[in-house]
$ cat upload.json   # JSON, C-alpha atoms and all ligand atoms
[["chain", "number", "residue", "atom", "x", "y", "z"],
["A", 1, "MET", "CA", -78.27, 57.31, 29.46],
["A", 2, "THR", "CA", -74.79, 56.56, 28.12],
["A", 3, "GLU", "CA", -74.45, 55.86, 24.42],
["A", 4, "ALA", "CA", -74.14, 52.20, 23.39],
["A", 5, "VAL", "CA", -70.60, 51.14, 22.49],
["A", 6, "LYS", "CA", -70.23, 50.56, 18.76],
["A", 7, "ALA", "CA", -68.83, 47.06, 18.27],
["A", 8, "GLY", "CA", -68.11, 45.82, 14.77],
["A", 9, "PHE", "CA", -67.58, 42.21, 13.71],
["A", 10, "ILE", "CA", -65.67, 41.44, 10.51],
["A", 11, "GLY", "CA", -66.44, 37.76, 9.95],
["A", 12, "CYS", "CA", -69.64, 36.49, 11.60],
["A", 13, "GLY", "CA", -69.32, 32.72, 11.27],
["A", 14, "ASN", "CA", -69.40, 30.15, 14.08],
["A", 15, "MET", "CA", -67.36, 32.17, 16.58],
["A", 16, "GLY", "CA", -67.72, 35.76, 15.35],
["A", 17, "GLY", "CA", -71.48, 35.27, 15.11],
["A", 18, "VAL", "CA", -71.68, 34.01, 18.69],
["A", 19, "LEU", "CA", -69.67, 36.97, 20.02],
["A", 20, "ALA", "CA", -71.68, 39.47, 17.94],
["A", 21, "ALA", "CA", -74.81, 38.06, 19.60],
["A", 22, "VAL", "CA", -73.13, 38.32, 23.04],
["A", 23, "ALA", "CA", -72.21, 41.97, 22.40],
["A", 24, "ALA", "CA", -75.79, 42.70, 21.31],
["A", 25, "LYS", "CA", -77.13, 41.02, 24.48],
["A", 26, "SER", "CA", -74.89, 43.26, 26.59],
["A", 27, "GLY", "CA", -76.41, 46.36, 25.01],
["A", 28, "GLY", "CA", -73.71, 47.17, 22.45],
["A", 29, "ALA", "CA", -74.60, 48.70, 19.08],
["A", 30, "VAL", "CA", -73.40, 45.82, 16.93],
["A", 31, "TYR", "CA", -72.30, 46.15, 13.30],
["A", 32, "ALA", "CA", -71.88, 42.90, 11.40],
["A", 33, "ALA", "CA", -69.96, 42.23, 8.18],
["A", 34, "ASP", "CA", -69.46, 38.91, 6.43],
["A", 35, "HIS", "CA", -68.95, 37.65, 2.89],
["A", 36, "ASN", "CA", -72.11, 35.65, 3.48],
["A", 37, "ALA", "CA", -75.12, 38.00, 3.73],
["A", 38, "PHE", "CA", -77.24, 35.19, 5.21],
["A", 39, "LYS", "CA", -75.12, 35.18, 8.41],
["A", 40, "VAL", "CA", -75.46, 38.95, 8.77],
["A", 41, "ASN", "CA", -79.21, 38.85, 8.14],
["A", 42, "ASN", "CA", -79.64, 36.20, 10.83],
["A", 43, "LEU", "CA", -77.82, 38.40, 13.35],
["A", 44, "ALA", "CA", -79.90, 41.41, 12.29],
["A", 45, "GLU", "CA", -83.17, 39.51, 12.72],
["A", 46, "ALA", "CA", -82.32, 37.67, 15.94],
["A", 47, "PHE", "CA", -80.31, 40.33, 17.80],
["A", 48, "GLY", "CA", -80.96, 43.66, 16.06],
["A", 49, "CYS", "CA", -77.41, 43.93, 14.66],
["A", 50, "THR", "CA", -76.82, 46.36, 11.79],
["A", 51, "ALA", "CA", -75.58, 44.99, 8.46],
["A", 52, "SER", "CA", -72.30, 46.69, 7.66],
["A", 53, "ASP", "CA", -69.00, 46.25, 5.86],
["A", 54, "ALA", "CA", -65.35, 46.11, 6.88],
["A", 55, "ALA", "CA", -64.66, 49.71, 5.83],
["A", 56, "GLN", "CA", -67.52, 51.17, 7.91],
["A", 57, "ILE", "CA", -66.61, 49.05, 10.92],
["A", 58, "ALA", "CA", -62.93, 50.05, 10.69],
["A", 59, "SER", "CA", -63.75, 53.74, 10.44],
["A", 60, "GLU", "CA", -66.57, 54.00, 13.01],
["A", 61, "CYS", "CA", -66.49, 51.28, 15.65],
["A", 62, "ARG", "CA", -64.93, 51.67, 19.10],
["A", 63, "MET", "CA", -64.21, 47.92, 19.23],
["A", 64, "ILE", "CA", -63.36, 46.09, 16.00],
["A", 65, "PHE", "CA", -63.58, 42.30, 16.28],
["A", 66, "LEU", "CA", -61.81, 40.16, 13.68],
["A", 67, "GLY", "CA", -63.75, 36.90, 13.28],
["A", 68, "VAL", "CA", -62.16, 35.49, 10.13],
["A", 69, "LYS", "CA", -60.10, 32.29, 9.88],
["A", 70, "PRO", "CA", -56.35, 32.68, 10.59],
["A", 71, "GLN", "CA", -55.60, 31.66, 6.98],
["A", 72, "VAL", "CA", -57.38, 34.78, 5.59],
["A", 73, "LEU", "CA", -56.58, 37.17, 8.43],
["A", 74, "ASP", "CA", -53.82, 38.96, 6.52],
["A", 75, "LYS", "CA", -56.27, 39.78, 3.72],
["A", 76, "ALA", "CA", -58.91, 41.08, 6.15],
["A", 77, "CYS", "CA", -56.26, 43.19, 7.95],
["A", 78, "ALA", "CA", -54.96, 44.61, 4.66],
["A", 79, "GLU", "CA", -58.53, 45.81, 3.90],
["A", 80, "ILE", "CA", -58.70, 47.92, 7.07],
["A", 81, "LYS", "CA", -55.10, 48.87, 7.89],
["A", 82, "GLY", "CA", -55.16, 52.17, 5.95],
["A", 83, "ILE", "CA", -58.51, 53.18, 7.45],
["A", 84, "LEU", "CA", -57.29, 52.53, 10.99],
["A", 85, "ALA", "CA", -54.13, 54.54, 10.39],
["A", 86, "GLU", "CA", -56.28, 57.59, 9.53],
["A", 87, "ARG", "CA", -58.38, 57.47, 12.69],
["A", 88, "LYS", "CA", -57.95, 60.19, 15.30],
["A", 89, "ASP", "CA", -60.49, 58.83, 17.83],
["A", 90, "ARG", "CA", -59.95, 55.92, 20.24],
["A", 91, "PHE", "CA", -60.56, 52.38, 18.98],
["A", 92, "CYS", "CA", -59.28, 48.89, 19.70],
["A", 93, "VAL", "CA", -58.96, 45.81, 17.49],
["A", 94, "VAL", "CA", -59.91, 42.46, 19.04],
["A", 95, "SER", "CA", -58.64, 39.34, 17.30],
["A", 96, "MET", "CA", -60.08, 35.90, 18.02],
["A", 97, "ALA", "CA", -57.83, 34.08, 15.52],
["A", 98, "ALA", "CA", -56.46, 30.88, 17.05],
["A", 99, "GLY", "CA", -52.70, 30.85, 17.42],
["A", 100, "VAL", "CA", -52.05, 34.26, 15.84],
["A", 101, "LYS", "CA", -49.74, 36.21, 18.14],
["A", 102, "LEU", "CA", -50.02, 39.88, 19.07],
["A", 103, "SER", "CA", -46.71, 40.52, 17.29],
["A", 104, "ALA", "CA", -48.10, 39.01, 14.07],
["A", 105, "LEU", "CA", -51.28, 41.07, 14.42],
["A", 106, "SER", "CA", -49.24, 44.25, 14.84],
["A", 107, "ALA", "CA", -47.24, 43.35, 11.75],
["A", 108, "MET", "CA", -50.52, 43.05, 9.81],
["A", 109, "LEU", "CA", -52.31, 46.09, 11.28],
["A", 110, "GLY", "CA", -49.58, 48.55, 12.27],
["A", 111, "ASP", "CA", -49.14, 50.11, 15.68],
["A", 112, "VAL", "CA", -52.76, 50.13, 16.83],
["A", 113, "PRO", "CA", -54.33, 49.00, 20.12],
["A", 114, "ILE", "CA", -54.96, 45.25, 19.93],
["A", 115, "ILE", "CA", -56.39, 42.68, 22.33],
["A", 116, "ARG", "CA", -56.09, 39.00, 21.48],
["A", 117, "ILE", "CA", -58.92, 36.82, 22.76],
["A", 118, "MET", "CA", -59.58, 33.07, 22.78],
["A", 119, "PRO", "CA", -63.31, 32.45, 23.11],
["A", 120, "ASN", "CA", -65.24, 29.20, 22.88],
["A", 121, "THR", "CA", -68.66, 28.38, 21.44],
["A", 122, "PRO", "CA", -70.37, 27.82, 24.85],
["A", 123, "CYS", "CA", -70.27, 31.65, 25.03],
["A", 124, "ALA", "CA", -73.53, 31.29, 23.07],
["A", 125, "VAL", "CA", -75.27, 29.96, 26.18],
["A", 126, "GLY", "CA", -73.56, 32.18, 28.75],
["A", 127, "ALA", "CA", -71.27, 29.40, 30.01],
["A", 128, "GLY", "CA", -68.24, 30.08, 27.85],
["A", 129, "VAL", "CA", -64.67, 31.08, 28.54],
["A", 130, "ILE", "CA", -62.91, 34.05, 26.96],
["A", 131, "LEU", "CA", -59.18, 34.25, 27.63],
["A", 132, "TYR", "CA", -57.42, 37.43, 26.61],
["A", 133, "SER", "CA", -53.99, 39.05, 26.34],
["A", 134, "ARG", "CA", -53.56, 42.71, 25.66],
["A", 135, "GLY", "CA", -51.09, 44.24, 23.26],
["A", 136, "GLY", "CA", -48.79, 47.03, 24.42],
["A", 137, "SER", "CA", -50.99, 49.92, 23.41],
["A", 138, "ALA", "CA", -54.32, 48.49, 24.57],
["A", 139, "SER", "CA", -55.51, 50.57, 27.53],
["A", 140, "ASP", "CA", -57.36, 49.65, 30.73],
["A", 141, "GLU", "CA", -60.37, 51.39, 29.24],
["A", 142, "ASP", "CA", -60.20, 49.13, 26.15],
["A", 143, "VAL", "CA", -60.16, 46.07, 28.41],
["A", 144, "THR", "CA", -63.06, 47.40, 30.51],
["A", 145, "ILE", "CA", -65.16, 47.98, 27.39],
["A", 146, "LEU", "CA", -64.32, 44.49, 26.12],
["A", 147, "MET", "CA", -65.30, 42.93, 29.44],
["A", 148, "ASP", "CA", -68.57, 44.88, 29.54],
["A", 149, "LEU", "CA", -69.43, 43.80, 25.99],
["A", 150, "MET", "CA", -68.55, 40.15, 26.60],
["A", 151, "ARG", "CA", -70.04, 39.80, 30.10],
["A", 152, "PRO", "CA", -73.03, 37.68, 28.95],
["A", 153, "ALA", "CA", -70.55, 35.13, 27.49],
["A", 154, "GLY", "CA", -69.43, 33.58, 30.80],
["A", 155, "ILE", "CA", -65.93, 33.73, 32.34],
["A", 156, "ILE", "CA", -63.48, 36.34, 31.01],
["A", 157, "SER", "CA", -59.91, 35.97, 32.19],
["A", 158, "GLU", "CA", -56.60, 37.70, 31.39],
["A", 159, "MET", "CA", -53.57, 35.51, 30.60],
["A", 160, "GLU", "CA", -49.97, 36.02, 29.69],
["A", 161, "GLU", "CA", -49.78, 35.60, 25.94],
["A", 162, "LYS", "CA", -47.33, 32.69, 26.20],
["A", 163, "LYS", "CA", -50.02, 30.73, 28.05],
["A", 164, "LEU", "CA", -52.92, 31.67, 25.77],
["A", 165, "ASP", "CA", -52.40, 28.79, 23.33],
["A", 166, "MET", "CA", -52.27, 26.34, 26.25],
["A", 167, "GLY", "CA", -55.52, 27.74, 27.60],
["A", 168, "SER", "CA", -57.13, 27.63, 24.19],
["A", 169, "ALA", "CA", -56.31, 23.94, 23.68],
["A", 170, "LEU", "CA", -58.46, 23.36, 26.76],
["A", 171, "THR", "CA", -61.26, 25.90, 26.37],
["A", 172, "GLY", "CA", -61.42, 26.19, 22.56],
["A", 173, "CYS", "CA", -60.94, 22.51, 21.64],
["A", 174, "GLY", "CA", -62.31, 21.08, 24.90],
["A", 175, "PRO", "CA", -66.00, 21.44, 24.00],
["A", 176, "ALA", "CA", -65.48, 18.95, 21.12],
["A", 177, "PHE", "CA", -63.96, 16.43, 23.55],
["A", 178, "VAL", "CA", -66.88, 16.87, 25.95],
["A", 179, "TYR", "CA", -69.43, 16.46, 23.13],
["A", 180, "MET", "CA", -67.67, 13.20, 22.20],
["A", 181, "PHE", "CA", -67.97, 12.02, 25.80],
["A", 182, "ILE", "CA", -71.67, 12.88, 25.92],
["A", 183, "ASP", "CA", -72.21, 11.11, 22.59],
["A", 184, "ALA", "CA", -70.49, 8.01, 23.96],
["A", 185, "LEU", "CA", -72.60, 8.12, 27.14],
["A", 186, "ILE", "CA", -75.73, 8.21, 24.97],
["A", 187, "ASP", "CA", -74.61, 5.25, 22.84],
["A", 188, "GLY", "CA", -73.65, 3.32, 25.97],
["A", 189, "ALA", "CA", -77.07, 3.92, 27.51],
["A", 190, "VAL", "CA", -78.84, 2.94, 24.28],
["A", 191, "ARG", "CA", -76.75, -0.25, 24.27],
["A", 192, "THR", "CA", -78.09, -1.13, 27.70],
["A", 193, "GLY", "CA", -81.63, -0.59, 26.42],
["A", 194, "LEU", "CA", -82.64, 3.03, 27.12],
["A", 195, "PRO", "CA", -84.53, 4.87, 24.36],
["A", 196, "ARG", "CA", -82.21, 7.39, 22.65],
["A", 197, "THR", "CA", -84.26, 10.47, 23.59],
["A", 198, "ASP", "CA", -84.15, 9.53, 27.28],
["A", 199, "ALA", "CA", -80.46, 8.62, 26.99],
["A", 200, "LYS", "CA", -79.65, 12.05, 25.54],
["A", 201, "ARG", "CA", -81.68, 13.96, 28.14],
["A", 202, "PHE", "CA", -80.14, 12.07, 31.05],
["A", 203, "ALA", "CA", -76.58, 12.07, 29.65],
["A", 204, "VAL", "CA", -76.61, 15.85, 29.15],
["A", 205, "GLN", "CA", -78.03, 16.46, 32.63],
["A", 206, "THR", "CA", -75.47, 14.08, 34.17],
["A", 207, "VAL", "CA", -72.57, 15.98, 32.57],
["A", 208, "LEU", "CA", -74.12, 19.35, 33.44],
["A", 209, "GLY", "CA", -74.72, 18.30, 37.06],
["A", 210, "SER", "CA", -71.23, 16.81, 37.41],
["A", 211, "ALA", "CA", -69.67, 20.00, 36.01],
["A", 212, "LEU", "CA", -71.73, 22.07, 38.48],
["A", 213, "MET", "CA", -70.56, 19.83, 41.34],
["A", 214, "CYS", "CA", -66.95, 20.57, 40.29],
["A", 215, "ALA", "CA", -67.70, 24.31, 39.94],
["A", 216, "GLN", "CA", -69.46, 24.59, 43.29],
["A", 217, "ASN", "CA", -66.89, 22.52, 45.18],
["A", 218, "GLY", "CA", -63.94, 24.54, 43.92],
["A", 219, "SER", "CA", -61.51, 23.32, 46.57],
["A", 220, "VAL", "CA", -62.32, 19.64, 46.01],
["A", 221, "GLU", "CA", -60.43, 17.74, 43.29],
["A", 222, "PRO", "CA", -62.62, 15.96, 40.68],
["A", 223, "SER", "CA", -60.77, 12.75, 41.58],
["A", 224, "LYS", "CA", -62.17, 13.05, 45.14],
["A", 225, "LEU", "CA", -65.71, 13.60, 43.79],
["A", 226, "LYS", "CA", -65.19, 10.47, 41.68],
["A", 227, "ALA", "CA", -63.97, 8.48, 44.69],
["A", 228, "ASP", "CA", -67.04, 9.63, 46.65],
["A", 229, "VAL", "CA", -69.41, 7.95, 44.16],
["A", 230, "CYS", "CA", -67.44, 4.68, 43.92],
["A", 231, "SER", "CA", -68.74, 2.37, 46.64],
["A", 232, "PRO", "CA", -66.60, -0.70, 47.44],
["A", 233, "ALA", "CA", -67.23, -3.51, 44.95],
["A", 234, "GLY", "CA", -70.06, -1.40, 43.49],
["A", 235, "SER", "CA", -71.17, -0.81, 39.92],
["A", 236, "THR", "CA", -69.46, 2.58, 39.44],
["A", 237, "ILE", "CA", -65.95, 1.34, 40.23],
["A", 238, "GLU", "CA", -66.47, -1.45, 37.67],
["A", 239, "GLY", "CA", -67.16, 1.17, 34.99],
["A", 240, "VAL", "CA", -64.24, 3.31, 36.18],
["A", 241, "ALA", "CA", -61.94, 0.29, 35.84],
["A", 242, "VAL", "CA", -63.06, -0.19, 32.22],
["A", 243, "LEU", "CA", -62.41, 3.48, 31.42],
["A", 244, "GLU", "CA", -58.93, 3.08, 32.90],
["A", 245, "ASP", "CA", -58.40, -0.14, 30.85],
["A", 246, "TYR", "CA", -59.18, 1.92, 27.74],
["A", 247, "SER", "CA", -56.85, 4.70, 28.95],
["A", 248, "LEU", "CA", -59.42, 7.50, 29.08],
["A", 249, "HIS", "CA", -57.18, 9.68, 31.24],
["A", 250, "ALA", "CA", -54.11, 9.25, 29.03],
["A", 251, "ALA", "CA", -56.18, 9.68, 25.84],
["A", 252, "VAL", "CA", -57.60, 13.01, 27.02],
["A", 253, "MET", "CA", -54.17, 14.24, 28.10],
["A", 254, "GLU", "CA", -52.70, 13.29, 24.70],
["A", 255, "ALA", "CA", -55.62, 15.02, 22.93],
["A", 256, "LEU", "CA", -54.92, 18.28, 24.79],
["A", 257, "LYS", "CA", -51.24, 18.03, 23.87],
["A", 258, "ALA", "CA", -52.03, 17.39, 20.19],
["A", 259, "SER", "CA", -54.46, 20.33, 20.07],
["A", 260, "TYR", "CA", -51.89, 22.61, 21.69],
["A", 261, "GLU", "CA", -49.17, 21.57, 19.24],
["A", 262, "ARG", "CA", -51.50, 22.08, 16.27],
["A", 263, "THR", "CA", -52.47, 25.54, 17.60],
["A", 264, "LEU", "CA", -48.77, 26.45, 17.68],
["A", 265, "GLU", "CA", -48.32, 25.19, 14.11],
["A", 266, "LEU", "CA", -51.32, 27.20, 12.85],
["A", 267, "GLY", "CA", -49.91, 30.35, 14.42],
["A", 268, "LYS", "CA", -46.58, 30.09, 12.56],
["A", 301, "LIG", "N1", -65.03, 27.96, 15.97],
["A", 301, "LIG", "C1", -64.50, 27.99, 17.19],
["A", 301, "LIG", "O1", -64.86, 27.22, 18.09],
["A", 301, "LIG", "C2", -63.42, 28.99, 17.52],
["A", 301, "LIG", "C3", -62.92, 29.06, 18.84],
["A", 301, "LIG", "C4", -61.94, 30.04, 19.13],
["A", 301, "LIG", "C5", -61.47, 30.88, 18.13],
["A", 301, "LIG", "N2", -61.97, 30.76, 16.86],
["A", 301, "LIG", "C6", -61.44, 31.66, 15.85],
["A", 301, "LIG", "O2", -62.53, 32.39, 15.32],
["A", 301, "LIG", "C7", -62.23, 32.76, 13.97],
["A", 301, "LIG", "C8", -63.41, 32.40, 13.10],
["A", 301, "LIG", "O3", -63.60, 30.99, 13.13],
["A", 301, "LIG", "P1", -65.01, 30.40, 12.71],
["A", 301, "LIG", "O4", -65.01, 28.98, 13.09],
["A", 301, "LIG", "O5", -66.10, 31.30, 13.23],
["A", 301, "LIG", "O6", -64.92, 30.56, 11.10],
["A", 301, "LIG", "P2", -66.10, 30.63, 10.05],
["A", 301, "LIG", "O7", -67.32, 29.96, 10.60],
["A", 301, "LIG", "O8", -65.54, 30.17, 8.75],
["A", 301, "LIG", "O9", -66.43, 32.18, 9.94],
["A", 301, "LIG", "C9", -65.63, 33.13, 9.31],
["A", 301, "LIG", "C10", -66.51, 33.98, 8.44],
["A", 301, "LIG", "O10", -65.78, 35.12, 8.02],
["A", 301, "LIG", "C11", -66.07, 35.39, 6.66],
["A", 301, "LIG", "N3", -64.99, 36.20, 6.09],
["A", 301, "LIG", "C12", -63.74, 35.81, 5.74],
["A", 301, "LIG", "N4", -63.02, 36.88, 5.33],
["A", 301, "LIG", "C13", -63.82, 37.98, 5.44],
["A", 301, "LIG", "C14", -63.66, 39.36, 5.20],
["A", 301, "LIG", "N5", -62.49, 39.86, 4.74],
["A", 301, "LIG", "N6", -64.69, 40.19, 5.40],
["A", 301, "LIG", "C15", -65.89, 39.71, 5.87],
["A", 301, "LIG", "N7", -66.11, 38.39, 6.11],
["A", 301, "LIG", "C16", -65.09, 37.54, 5.91],
["A", 301, "LIG", "C17", -66.17, 34.00, 6.07],
["A", 301, "LIG", "O11", -66.85, 34.02, 4.82],
["A", 301, "LIG", "P3", -66.27, 33.05, 3.63],
["A", 301, "LIG", "O12", -66.08, 31.69, 4.27],
["A", 301, "LIG", "O13", -67.35, 33.10, 2.62],
["A", 301, "LIG", "O14", -64.98, 33.67, 3.20],
["A", 301, "LIG", "C18", -66.98, 33.29, 7.15],
["A", 301, "LIG", "O15", -68.37, 33.47, 6.99],
["A", 301, "LIG", "C19", -60.96, 32.01, 13.57],
["A", 301, "LIG", "O16", -59.87, 32.89, 13.57],
["A", 301, "LIG", "C20", -60.81, 30.97, 14.64],
["A", 301, "LIG", "O17", -59.45, 30.67, 14.88],
["A", 301, "LIG", "C21", -62.93, 29.84, 16.53]]

$ encode --input "upload.json" --output "C-alpha cells" --more "lines below"
Ligand SMILES: NC(=O)c1ccc[n+]([C@@H]2O[C@H](COP(=O)([O-])OP(=O)(O)OC[C@H]3O[C@@H](n4cnc5c(N)ncnc54)[C@H](OP(=O)(O)O)[C@@H]3O)[C@@H](O)[C@H]2O)c1
Amino acid sequence: MTEAVKAGFIGCGNMGGVLAAVAAKSGGAVYAADHNAFKVNNLAEAFGCTASDAAQIASECRMIFLGVKPQVLDKACAEIKGILAERKDRFCVVSMAAGVKLSALSAMLGDVPIIRIMPNTPCAVGAGVILYSRGGSASDEDVTILMDLMRPAGIISEMEEKKLDMGSALTGCGPAFVYMFIDALIDGAVRTGLPRTDAKRFAVQTVLGSALMCAQNGSVEPSKLKADVCSPAGSTIEGVAVLEDYSLHAAVMEALKASYERTLELGK
C-alpha cells in the first residue's frame, strides 16, 4: 500500500476547512492549523485530521495549502518562508487566496513550487469547481498529487492565470447568486400560497434538475432548453417576460462583471 500524501492546511475556515475535508475523503493524511482551535477540532472529529501548526505543516507536508484571507496572507507566508527555504525534499504550496497572483505569492514565499487554485464551497458536496494555474517550478507530479487529493471536490480544471480571476467571478461568487435565486423562488412560491417547507424542497430540486439538464445536454444552449418549456401563450412565457422586464439577464451579467472587478482590486 502506498503511503498517504501528507497535506497540510494553514487556515481552516469556510474554504480551507472544506478542502481539508475533501483531502481527507480522498485518503490524504491531513494536518490542520488554524488560530481557532474549534475549527481544527471539528475537522479532527469529523474527518480524522491531525491538529497541527504552521511550522509543522511547512516542514513536513508534501502539499501545503494556504487557506487564510488575502489580507493576512503576507503574515502567514512570512511565518513559513524560512522553513520552506531549508527543505531538501519535494513539496508544493497551494494558495486559494482570491485574486493573489503567482508572482505575488513568489514574492512572499521565495522561489518555491506554487500552484494557485480557485475553489468554491460546493466542493463540500462533491459538486464544486477548482480552477488552477501552476507556477513555473510546480511539476506535473505536484499537479497530479493535487488532482488526486481534490478529486472528491468535483471538477478540477487548469486555466491560464490571466483567466483565473474571470473564472473565479463565476465559480467562486456564482454560488451566492444561485442561492439568491433559490431564495427568491421560495418567496415567490410562498406568495402564491405554498407552505415554506414545500417551497424550499421543490425550489431546490427544480434548480438541481435544471442544472442537471444543462450538464447532461452539453451541446444544447440553456436558452434552447428554456424555449422548449415555453409553450405559446402559456404560463411559463408569462413569467419569463416578467423576468426580462426586471432585467434578470442584464443584472446577472453586471453582477459577474462587478465581482470580477472587485477580485482584481483585492489582488492589487
Ligand atoms: N469562502 C469562499 O467561498 C472562497 C472561495 C474561493 C477562495 N476563497 C479563499 O479562501 C481563503 C480563505 O477564505 P475563507 O472564507 O475560508 O476565510 P475564513 O473563513 O476567515 O478562514 C480563514 C481562517 O484562517 C485563520 N488564520 C488566519 N491566519 C492564520 C495563520 N497565520 N495561521 C493559522 N490560521 C490562520 C483565520 O483565523 P482568524 O480569523 O482567527 O485569524 C480563519 O479561521 C481566502 O484567501 C479566500 O480568498 C474563499

$ atom_distance --input "upload.json" --atom1 "CA of Ala211 in chain A" --atom2 "atom P2 of ligand LIG 301 (chain A)"
28.3 Å

$ closest_residue --input "upload.json" --among "A:Ser59, A:Asn217, A:Thr121, A:Asn36" --to "Glu86 in chain A" --atoms "only C-alpha atoms"
A:Ser59

$ closest_residue --input "upload.json" --among "A:Pro232, A:Ile83, A:Leu264, A:Cys123" --to "Ile156 in chain A" --atoms "all atoms listed in the file"
A:Cys123

$ closest_residue --input "upload.json" --among "A:Leu208, A:Leu19, A:Ala241, A:Leu266" --to "Pro152 in chain A" --atoms "only C-alpha atoms"
A:Leu19

$ closest_residue --input "upload.json" --among "A:Met147, A:Leu256, A:Val242, A:Gln216" --to "Ala176 in chain A" --atoms "only C-alpha atoms"
A:Leu256

$ residues_around --input "upload.json" --residues "Asn14 in chain A" --least-positions-apart "4" --cutoff "10 Å" --atoms "all atoms listed in the file" --output "ChimeraX atom specification"
/A:18-19,39,67-68,120-121,124

$ residues_around --input "upload.json" --residues "Phe177 in chain A" --least-positions-apart "5" --cutoff "9 Å" --atoms "only C-alpha atoms" --output "ChimeraX atom specification"
/A:182,252,255

$ residues_near_ligand --input "upload.json" --ligand "ligand LIG 301 (chain A)" --cutoff "6 Å" --atoms "only C-alpha atoms and all ligand atoms" --output "list of chain:residue names"
A:Ile10, A:Gly11, A:Cys12, A:Gly13, A:Asn14, A:Met15, A:Gly16, A:Ala33, A:Asp34, A:His35, A:Asn36, A:Gly67, A:Val68, A:Lys69, A:Pro70, A:Ala76, A:Met96, A:Ala97, A:Ala98, A:Met118, A:Pro119, A:Asn120, A:Thr121, A:Gly172

$ atom_distance --input "upload.json" --atom1 "CA of Arg201 in chain A" --atom2 "CA of Leu43 in chain A"
28.8 Å

$ closest_residue --input "upload.json" --among "A:Ala251, A:Val30, A:Val204, A:Cys230" --to "Ala4 in chain A" --atoms "only C-alpha atoms"
A:Val30

$ atom_distance --input "upload.json" --atom1 "CA of Thr236 in chain A" --atom2 "CA of Thr171 in chain A"
28.0 Å

$ residues_around --input "upload.json" --residues "Ile57 in chain A" --least-positions-apart "4" --cutoff "8 Å" --atoms "only C-alpha atoms" --output "ChimeraX atom specification"
/A:7-10,31,52-53,61,64

$ residues_near_point --input "upload.json" --point "(-59.6, 47.6, 25.8)" --cutoff "12 Å" --atoms "only C-alpha atoms" --output "ChimeraX atom specification"
/A:7,62-65,90-95,112-117,132-150,158

$ write_last_selection --input "upload.json" --atoms "C-alpha atoms" --output "PDB file, in the frame of the given file"
ATOM      1  CA  ALA A   7     -68.830  47.060  18.270  1.00  0.00           C
ATOM      2  CA  ARG A  62     -64.930  51.670  19.100  1.00  0.00           C
ATOM      3  CA  MET A  63     -64.210  47.920  19.230  1.00  0.00           C
ATOM      4  CA  ILE A  64     -63.360  46.090  16.000  1.00  0.00           C
ATOM      5  CA  PHE A  65     -63.580  42.300  16.280  1.00  0.00           C
ATOM      6  CA  ARG A  90     -59.950  55.920  20.240  1.00  0.00           C
ATOM      7  CA  PHE A  91     -60.560  52.380  18.980  1.00  0.00           C
ATOM      8  CA  CYS A  92     -59.280  48.890  19.700  1.00  0.00           C
ATOM      9  CA  VAL A  93     -58.960  45.810  17.490  1.00  0.00           C
ATOM     10  CA  VAL A  94     -59.910  42.460  19.040  1.00  0.00           C
ATOM     11  CA  SER A  95     -58.640  39.340  17.300  1.00  0.00           C
ATOM     12  CA  VAL A 112     -52.760  50.130  16.830  1.00  0.00           C
ATOM     13  CA  PRO A 113     -54.330  49.000  20.120  1.00  0.00           C
ATOM     14  CA  ILE A 114     -54.960  45.250  19.930  1.00  0.00           C
ATOM     15  CA  ILE A 115     -56.390  42.680  22.330  1.00  0.00           C
ATOM     16  CA  ARG A 116     -56.090  39.000  21.480  1.00  0.00           C
ATOM     17  CA  ILE A 117     -58.920  36.820  22.760  1.00  0.00           C
ATOM     18  CA  TYR A 132     -57.420  37.430  26.610  1.00  0.00           C
ATOM     19  CA  SER A 133     -53.990  39.050  26.340  1.00  0.00           C
ATOM     20  CA  ARG A 134     -53.560  42.710  25.660  1.00  0.00           C
ATOM     21  CA  GLY A 135     -51.090  44.240  23.260  1.00  0.00           C
ATOM     22  CA  GLY A 136     -48.790  47.030  24.420  1.00  0.00           C
ATOM     23  CA  SER A 137     -50.990  49.920  23.410  1.00  0.00           C
ATOM     24  CA  ALA A 138     -54.320  48.490  24.570  1.00  0.00           C
ATOM     25  CA  SER A 139     -55.510  50.570  27.530  1.00  0.00           C
ATOM     26  CA  ASP A 140     -57.360  49.650  30.730  1.00  0.00           C
ATOM     27  CA  GLU A 141     -60.370  51.390  29.240  1.00  0.00           C
ATOM     28  CA  ASP A 142     -60.200  49.130  26.150  1.00  0.00           C
ATOM     29  CA  VAL A 143     -60.160  46.070  28.410  1.00  0.00           C
ATOM     30  CA  THR A 144     -63.060  47.400  30.510  1.00  0.00           C
ATOM     31  CA  ILE A 145     -65.160  47.980  27.390  1.00  0.00           C
ATOM     32  CA  LEU A 146     -64.320  44.490  26.120  1.00  0.00           C
ATOM     33  CA  MET A 147     -65.300  42.930  29.440  1.00  0.00           C
ATOM     34  CA  ASP A 148     -68.570  44.880  29.540  1.00  0.00           C
ATOM     35  CA  LEU A 149     -69.430  43.800  25.990  1.00  0.00           C
ATOM     36  CA  MET A 150     -68.550  40.150  26.600  1.00  0.00           C
ATOM     37  CA  GLU A 158     -56.600  37.700  31.390  1.00  0.00           C
TER      38      GLU A 158
END

$ closest_residue --input "upload.json" --among "A:Val22, A:Gly82, A:Met108, A:Thr206" --to "Gly128 in chain A" --atoms "only C-alpha atoms"
A:Val22
